[in-house]
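Text of entry.cif, listed as mmCIF, C-alpha atoms:
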data_structure
#
loop_
_atom_site.label_atom_id
_atom_site.label_comp_id
_atom_site.auth_asym_id
_atom_site.auth_seq_id
_atom_site.Cartn_x
_atom_site.Cartn_y
_atom_site.Cartn_z
CA MET A 1 79.34 50.00 118.31
CA ASP A 2 79.68 53.23 120.24
CA VAL A 3 78.63 56.53 118.70
CA PHE A 4 82.03 57.40 117.28
CA GLU A 5 82.37 53.99 115.64
CA ILE A 6 78.97 54.60 114.06
CA ILE A 7 80.14 57.99 112.74
CA SER A 8 83.35 56.44 111.37
CA ASN A 9 81.29 53.74 109.66
CA ALA A 10 79.02 56.42 108.16
CA ARG A 11 82.08 58.17 106.72
CA ARG A 12 83.40 54.95 105.19
CA LEU A 13 80.01 54.18 103.64
CA ALA A 14 79.78 57.71 102.24
CA ILE A 15 83.21 57.37 100.58
CA LYS A 16 82.14 54.04 99.07
CA GLY A 17 79.00 55.67 97.66
CA GLU A 18 76.60 53.69 99.83
CA ILE A 19 74.54 56.81 100.46
CA LEU A 20 71.42 55.40 102.13
CA LYS A 21 73.44 53.22 104.53
CA ALA A 22 75.67 56.17 105.38
CA GLU A 23 72.62 58.36 106.05
CA LYS A 24 71.15 55.70 108.34
CA ASN A 25 74.38 55.58 110.37
CA PHE A 26 74.56 59.38 110.64
CA MET A 27 70.96 59.53 111.87
CA GLN A 28 71.65 56.79 114.42
CA ALA A 29 74.71 58.67 115.72
CA ILE A 30 72.77 61.96 115.95
CA GLU A 31 69.98 60.25 117.92
CA LEU A 32 72.50 58.89 120.45
CA LEU A 33 74.29 62.24 120.73
CA GLU A 34 70.98 64.09 121.24
CA LYS A 35 70.15 61.72 124.08
CA GLU A 36 73.54 62.30 125.72
CA ALA A 37 73.32 66.09 125.26
CA ASN A 38 69.89 66.09 126.96
CA GLU A 39 71.02 63.88 129.83
CA LYS A 40 74.46 65.47 130.35
CA PRO A 41 74.37 68.99 128.89
CA SER A 42 77.85 70.47 128.56
CA PRO A 43 79.93 72.31 125.95
CA LYS A 44 81.49 68.95 125.02
CA THR A 45 78.20 67.12 124.40
CA LYS A 46 76.80 70.13 122.53
CA ALA A 47 79.92 70.33 120.35
CA GLU A 48 79.76 66.62 119.53
CA LEU A 49 76.06 66.84 118.62
CA TRP A 50 76.23 70.08 116.59
CA SER A 51 79.41 69.12 114.70
CA THR A 52 77.96 65.69 113.83
CA LYS A 53 74.72 67.27 112.63
CA ALA A 54 76.82 69.70 110.57
CA GLU A 55 78.79 66.83 109.04
CA TYR A 56 75.57 65.00 108.18
CA LEU A 57 74.02 68.10 106.57
CA ALA A 58 77.17 68.74 104.53
CA PHE A 59 77.03 65.09 103.41
CA ARG A 60 73.35 65.47 102.45
CA ALA A 61 74.16 68.66 100.56
CA SER A 62 76.27 66.58 98.17
CA PHE A 63 73.25 64.89 96.59
CA CYS A 64 69.53 65.40 96.01
CA LYS A 65 66.78 62.83 96.36
CA LYS A 66 63.68 62.65 94.20
CA ASP A 67 61.65 65.89 94.26
CA GLU A 68 64.55 67.82 95.83
CA THR A 69 66.27 70.78 94.17
CA ILE A 70 69.65 72.48 94.33
CA ASN A 71 68.00 74.94 96.69
CA ASP A 72 67.43 72.12 99.21
CA ALA A 73 71.10 71.17 98.97
CA ARG A 74 72.15 74.82 99.42
CA ASP A 75 69.90 75.16 102.48
CA ARG A 76 71.53 72.10 104.06
CA MET A 77 74.99 73.52 103.45
CA ILE A 78 73.96 76.83 105.00
CA GLU A 79 72.58 75.03 108.06
CA SER A 80 75.79 73.00 108.29
CA ILE A 81 77.89 76.18 108.36
CA LYS A 82 75.57 77.69 110.98
CA LEU A 83 76.05 74.66 113.23
CA VAL A 84 79.85 74.69 112.92
CA LEU A 85 79.88 78.44 113.64
CA LYS A 86 77.60 77.83 116.63
CA THR A 87 79.98 75.14 117.87
CA SER A 88 83.00 77.42 117.45
CA LYS A 89 81.37 79.99 119.73
CA LEU A 90 81.26 77.57 122.66
CA SER A 91 84.84 78.42 123.66
CA SER A 92 88.08 79.92 122.38
CA GLU A 93 89.44 76.39 122.03
CA TYR A 94 86.59 75.36 119.74
CA GLU A 95 86.91 78.65 117.84
CA LYS A 96 90.56 77.90 117.10
CA HIS A 97 89.82 74.27 116.23
CA PHE A 98 87.04 75.05 113.74
CA ALA A 99 88.50 78.22 112.18
CA SER A 100 90.15 76.44 109.24
CA LYS A 101 87.16 74.14 108.71
CA LEU A 102 84.75 77.09 108.57
CA LYS A 103 86.93 78.86 106.02
CA THR A 104 86.99 75.76 103.80
CA MET A 105 83.25 75.13 104.18
CA VAL A 106 82.36 78.71 103.21
CA ALA A 107 84.71 78.73 100.22
CA ASP A 108 83.28 75.42 98.98
CA ALA A 109 79.69 76.62 99.49
CA VAL A 110 80.35 79.84 97.55
CA ARG A 111 82.00 78.01 94.68
CA VAL A 112 79.49 75.15 94.46
CA PHE A 113 76.18 76.78 95.38
CA GLY A 114 76.85 80.48 94.85
CA CYS A 115 75.31 83.16 97.06
CA ILE A 116 71.65 84.08 97.26
CA MET A 117 70.86 87.66 96.23
CA PRO A 118 67.74 88.69 98.16
CA GLU A 119 65.00 90.59 96.36
CA ASP A 120 62.02 92.63 97.46
CA ASP A 121 59.16 93.77 95.24
CA THR A 122 61.27 96.37 93.46
CA HIS A 123 64.98 95.81 94.10
CA VAL A 124 67.77 93.23 94.08
CA ILE A 125 69.96 93.54 97.20
CA ILE A 126 73.75 93.23 96.79
CA GLU A 127 75.71 92.69 100.04
CA CYS A 128 78.64 90.51 98.94
CA PRO A 129 81.95 92.43 99.34
CA ILE A 130 83.42 90.63 96.31
CA ARG A 131 80.51 91.51 94.02
CA LEU A 132 80.46 95.09 95.34
CA LYS A 133 84.15 95.45 94.47
CA ASN A 134 83.55 93.87 91.07
CA MET A 135 80.86 96.49 90.44
CA GLY A 136 83.21 99.26 91.58
CA ALA A 137 81.13 100.21 94.61
CA GLY A 138 83.31 98.31 97.09
CA ASN A 139 86.23 100.65 96.45
CA PHE A 140 84.37 103.69 97.78
CA GLY A 141 83.39 105.01 101.17
CA PHE A 142 81.96 108.11 102.79
CA SER A 143 83.54 111.13 104.43
CA ILE A 144 81.90 114.21 105.92
CA GLY A 145 82.74 117.88 105.57
CA ALA A 146 81.88 119.98 108.62
CA TYR A 147 82.91 123.05 110.58
CA SER A 148 82.54 124.34 114.12
CA GLU A 149 82.73 127.71 115.79
CA LYS A 150 85.20 126.45 118.41
CA ALA A 151 87.27 123.34 119.19
CA GLU A 152 87.34 123.62 122.97
CA CYS A 153 90.19 122.07 125.00
CA SER A 154 88.87 120.06 127.94
CA ILE A 155 91.83 121.14 130.10
CA CYS A 156 91.93 124.92 129.66
CA GLY A 157 88.76 125.69 127.70
CA ARG A 158 90.63 127.57 124.95
CA ASP A 159 90.22 126.93 121.21
CA ILE A 160 92.79 124.22 120.57
CA LEU A 161 93.11 125.12 116.87
CA THR A 162 93.34 128.91 116.95
CA ASP A 163 94.53 129.94 120.43
CA PRO A 164 98.34 129.56 120.68
CA SER A 165 98.20 129.89 124.47
CA CYS A 166 96.68 126.37 124.63
CA LYS A 167 99.66 124.06 125.05
CA HIS A 168 97.74 120.80 125.51
CA ALA A 169 97.95 117.86 123.10
CA ILE A 170 94.85 115.85 122.30
CA GLY A 171 94.97 112.43 123.96
CA GLN A 172 97.65 113.37 126.49
CA THR A 173 96.98 113.29 130.26
CA TYR A 174 97.62 116.32 132.47
CA ASP A 175 97.35 115.94 136.27
CA GLY A 176 95.14 112.91 135.79
CA ARG A 177 92.90 114.55 133.18
CA LYS A 178 92.93 113.46 129.55
CA CYS A 179 92.92 116.21 126.94
CA GLU A 180 89.88 115.93 124.70
CA VAL A 181 88.13 118.27 122.28
CA THR A 182 84.55 119.47 122.40
CA PHE A 183 83.28 121.05 119.21
CA LYS A 184 81.04 124.04 119.79
CA GLY A 185 78.61 125.21 117.13
CA PHE A 186 79.20 122.10 115.03
CA GLN A 187 77.63 122.21 111.55
CA LEU A 188 77.53 119.45 108.95
CA ASP A 189 78.41 120.83 105.52
CA HIS A 190 78.30 117.77 103.25
CA ILE A 191 78.76 114.02 102.89
CA SER A 192 81.04 112.93 100.07
CA LEU A 193 81.67 109.68 98.26
CA THR A 194 85.40 109.03 98.06
CA ASP A 195 87.90 106.29 97.31
CA HIS A 196 89.97 107.40 100.31
CA PRO A 197 87.59 107.73 103.30
CA LEU A 198 89.21 108.90 106.52
CA ASP A 199 87.42 106.07 108.34
CA PRO A 200 87.95 102.78 106.38
CA GLY A 201 84.85 101.41 108.11
CA CYS A 202 82.63 103.96 106.32
CA LYS A 203 82.45 101.93 103.12
CA ILE A 204 79.57 100.81 100.94
CA THR A 205 78.31 97.47 102.25
CA MET A 206 75.00 97.20 100.41
CA LEU A 207 73.41 98.31 97.15
CA ALA A 208 69.72 98.10 96.26
CA ILE A 209 69.47 97.92 92.47
CA PRO A 210 66.11 98.31 90.69
CA LYS A 211 65.01 94.91 89.37
CA GLY A 212 64.48 96.14 85.83
CA GLU A 213 68.00 97.56 85.67
CA PHE A 214 69.57 94.43 87.19
CA TYR A 215 67.61 91.96 85.06
CA GLU A 216 68.68 93.78 81.87
CA ASN A 217 72.19 92.34 82.39
CA LEU A 218 71.05 88.74 82.95
CA PRO A 219 70.91 86.12 80.18
CA PRO A 220 67.25 85.54 79.13
CA GLU A 221 67.54 81.81 79.93
CA GLN A 222 68.57 82.59 83.52
CA ILE A 223 65.53 84.83 84.04
CA GLU A 224 63.26 82.19 82.45
CA LEU A 225 64.68 79.44 84.70
CA LYS A 226 64.30 81.60 87.80
CA GLU A 227 60.69 82.47 87.02
CA SER A 228 59.71 78.90 86.11
CA SER A 229 61.44 77.26 89.09
CA LYS A 230 60.52 79.95 91.66
CA LEU A 231 64.06 79.63 93.02
CA PRO A 232 65.98 82.62 94.40
CA LEU A 233 68.39 84.69 92.34
CA VAL A 234 71.89 83.30 92.87
CA CYS A 235 75.29 84.88 92.23
CA HIS A 236 77.99 82.61 90.75
CA LEU A 237 80.59 85.34 90.23
CA CYS A 238 83.36 83.56 92.18
CA LYS A 239 82.91 80.34 90.20
CA GLU A 240 82.64 82.07 86.83
CA GLU A 241 85.61 84.39 87.41
CA LYS A 242 87.65 81.81 89.38
CA ILE A 243 87.80 84.13 92.39
CA GLU A 244 88.97 82.73 95.72
CA PRO A 245 86.29 84.01 98.17
CA ASN A 246 88.75 84.86 100.96
CA GLU A 247 86.85 88.00 101.97
CA ILE A 248 83.73 86.02 102.87
CA ASP A 249 83.98 84.52 106.36
CA ALA A 250 81.19 82.48 107.95
CA GLU A 251 79.45 85.47 109.53
CA THR A 252 79.54 87.40 106.24
CA TYR A 253 78.35 84.38 104.26
CA LEU A 254 75.34 83.84 106.51
CA LYS A 255 74.54 87.56 106.38
CA ILE A 256 74.63 87.48 102.58
CA GLN A 257 72.25 84.52 102.62
CA HIS A 258 70.11 86.36 105.21
CA ARG A 259 70.67 83.38 107.53
CA ASN A 260 72.74 85.06 110.23
CA GLY A 261 70.73 83.74 113.20
CA ILE A 262 72.57 80.96 115.03
#
Please re-express this file's structure in structure tokens.
Amino acid sequence: MDVFEIISNARRLAIKGEILKAEKNFMQAIELLEKEANEKPSPKTKAELWSTKAEYLAFRASFCKKDETINDARDRMIESIKLVLKTSKLSSEYEKHFASKLKTMVADAVRVFGCIMPEDDTHVIIECPIRLKNMGAGNFGFSIGAYSEKAECSICGRDILTDPSCKHAIGQTYDGRKCEVTFKGFQLDHISLTDHPLDPGCKITMLAIPKGEFYENLPPEQIELKESSKLPLVCHLCKEEKIEPNEIDAETYLKIQHRNGI
């Protein structure tokens, strides 16, 4: 059998529930693809190897062997998403081909495994846009209040706001020169938290919540399980609230898991 027949056989075995045989076929296919990628490196051989490894890891994330935990399964799913994302970056064609698959993989991972909430010695870190919105923080952003002594026109040098003799419009071109403004004597007055920031990009993307405050809202059994298992704190908001995690793309998901290196 050639490598793609081996992969097809692995898929059939997996559907039939013959897990160990399916795993053996996947590993055989990966070994052959690694050899080809080393001998004939190209975007095509890399894509075939990485996407097959990703398929195998996603398959392995569906079950745990003896002495494995849900955390091992989650890690495999994360690595699978990383490999598909890595493959998609090989070319615009691959990016288009894998876009829908990545969206499905991330949504499934969020619903099944939840999202890791990193902690340091004192705080729990919230970076998920869905959880931030649920907490109310995701609806706010920042705007500044400032003033300047003069808003100088780059064409005539006059104050564009107060001198009526300046007839130039910001952004327009005059004799090959674009009209821009230079603020003279600029002073920052304040930074405000608002639900209508002038720049939509200036929004809250992370909260660090003191552990004591965050843990107060957790069920005692969840804290006990976390401490006894030494597993990370995991958010299952989307599953519990039946939220479709459309706002979490692959890059965002890996960032939330602190696994953004590809």
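Here the question is which of A:Lys96, A:Arg74, A:Arg12, A:Lys24 gets nearest to Asp108 of chain A using all atoms listed in the file, and that residue is A:Arg74.
Between Glu18 of chain A and the residues A:Lys89, A:Asp195, A:Phe59, A:Val181, the shortest atom-to-atom distance, using only C-alpha atoms, involves A:Phe59.
As for atom CA of Pro219 of chain A and atom CA of Lys133 of chain A, they are spaced 21.6 Å apart.
Within the file as shown, the PyMOL selection byres ((chain A and resi 190) around 8) identifies Ile144, Gly145, Ala146, Leu188, Asp189, Ile191 and Ser192 of chain A.
Evaluating the PyMOL selection byres ((chain A and resi 121) around 12) against the shown model yields Pro118, Glu119, Asp120, Thr122, His123, Val124, Ile125, Ala208, Ile209, Pro210, Lys211 and Gly212 of chain A.
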Using the chain letters and numbering of this document, enumerate as a PyMOL selection string the residues selected by the PyMOL selection byres ((chain A and resi 3) around 12). chain A and resi 1-2+4-10+25-36+48-49+52
Kindly give the distance, in Å, that separates atom CA of Glu251 of chain A and atom CA of Ser51 of chain A, rounded to a single decimal. 17.1 Å
Measuring between only C-alpha atoms, which one of A:Asp72, A:Glu93, A:Glu213, A:Glu149 shows the shortest distance to Thr182 of chain A?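 Looking only at the distances to Thr182 of chain A, the closest residue turns out to be A:Glu149.
For the point (75.7, 87.2, 84.9), the residues with at least one atom inside 8 Å, counting all atoms listed in the file, are Asn217, Leu218, Pro219, Cys235, His236 and Leu237 of chain A.
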Using the selection just defined, write its residues with C-alpha atoms as a PDB file, keeping the file's coordinate frame.
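Printed below is out.pdb as written:
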ATOM      1  CA  ASN A 217      72.190  92.340  82.390  1.00  0.00           C
ATOM      2  CA  LEU A 218      71.050  88.740  82.950  1.00  0.00           C
ATOM      3  CA  PRO A 219      70.910  86.120  80.180  1.00  0.00           C
ATOM      4  CA  CYS A 235      75.290  84.880  92.230  1.00  0.00           C
ATOM      5  CA  HIS A 236      77.990  82.610  90.750  1.00  0.00           C
ATOM      6  CA  LEU A 237      80.590  85.340  90.230  1.00  0.00           C
TER       7      LEU A 237
END
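Taking atom CA of Ile204 of chain A and atom CA of Ala137 of chain A as the two end points, the separation is 6.5 Å.
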Residue contacts of Phe142 of chain A (10 Å, all atoms listed in the file) excluding same-chain residues fewer than 4 positions away, as a PDB file with C-alpha atoms, keeping the file's coordinate frame:
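What follows is the written file part26.pdb:
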ATOM      1  CA  ILE A 191      78.760 114.020 102.890  1.00  0.00           C
ATOM      2  CA  SER A 192      81.040 112.930 100.070  1.00  0.00           C
ATOM      3  CA  LEU A 193      81.670 109.680  98.260  1.00  0.00           C
ATOM      4  CA  THR A 194      85.400 109.030  98.060  1.00  0.00           C
ATOM      5  CA  ASP A 195      87.900 106.290  97.310  1.00  0.00           C
ATOM      6  CA  HIS A 196      89.970 107.400 100.310  1.00  0.00           C
ATOM      7  CA  PRO A 197      87.590 107.730 103.300  1.00  0.00           C
ATOM      8  CA  LEU A 198      89.210 108.900 106.520  1.00  0.00           C
ATOM      9  CA  ASP A 199      87.420 106.070 108.340  1.00  0.00           C
ATOM     10  CA  PRO A 200      87.950 102.780 106.380  1.00  0.00           C
ATOM     11  CA  GLY A 201      84.850 101.410 108.110  1.00  0.00           C
ATOM     12  CA  CYS A 202      82.630 103.960 106.320  1.00  0.00           C
ATOM     13  CA  LYS A 203      82.450 101.930 103.120  1.00  0.00           C
ATOM     14  CA  ILE A 204      79.570 100.810 100.940  1.00  0.00           C
TER      15      ILE A 204
END
Could you check which of A:Leu161, A:Ile70, A:Leu231, A:Val110 is closest to Ser148 of chain A, using all atoms listed in the file?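 Nearest candidate to Ser148 of chain A out of A:Leu161, A:Ile70, A:Leu231, A:Val110: A:Leu161.
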Polymer residues at most 7 Å from Leu83 of chain A, only C-alpha atoms, same-chain spacing of 3 or more positions, as a PyMOL selection string: chain A and resi 50-51+54+79-80+86-87
Given the point (75.7, 67.6, 104.3) in the coordinates of this file, which residues lie within 12 Å, counting all atoms listed in the file, and how would they look as a PyMOL selection string? chain A and resi 11+14+19+22-23+26+51-64+72-81+83-84+105+109
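Among the candidate residues A:Tyr174, A:Ala250, A:Gln257, A:Asp159, the one lying nearest to Ser100 of chain A is A:Ala250, with distances computed using all atoms listed in the file.
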Which residue out of A:Lys103, A:Arg158, A:Lys230, A:Lys178 has the minimum interatomic distance to Asn246 of chain A when all atoms listed in the file are used?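 Ranked by minimum distance to Asn246 of chain A, first place goes to A:Lys103.
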Edge lengths and centre in Å to one decimal, as lines of an AutoDock Vina configuration file, is what I'm after for the box along x, y and z that holds all listed atoms of segment 244-255 of chain A once 8 Å is added on each side.
center_x = 81.8
center_y = 85.2
center_z = 102.6
size_x = 30.4
size_y = 21.5
size_z = 29.8
Need the shell around Glu247 of chain A: protein/DNA/RNA residues with any atom at most 12 Å away, counting all atoms listed in the file. Skip same-chain ones fewer than 4 positions apart. Format as a count of residues only? 16
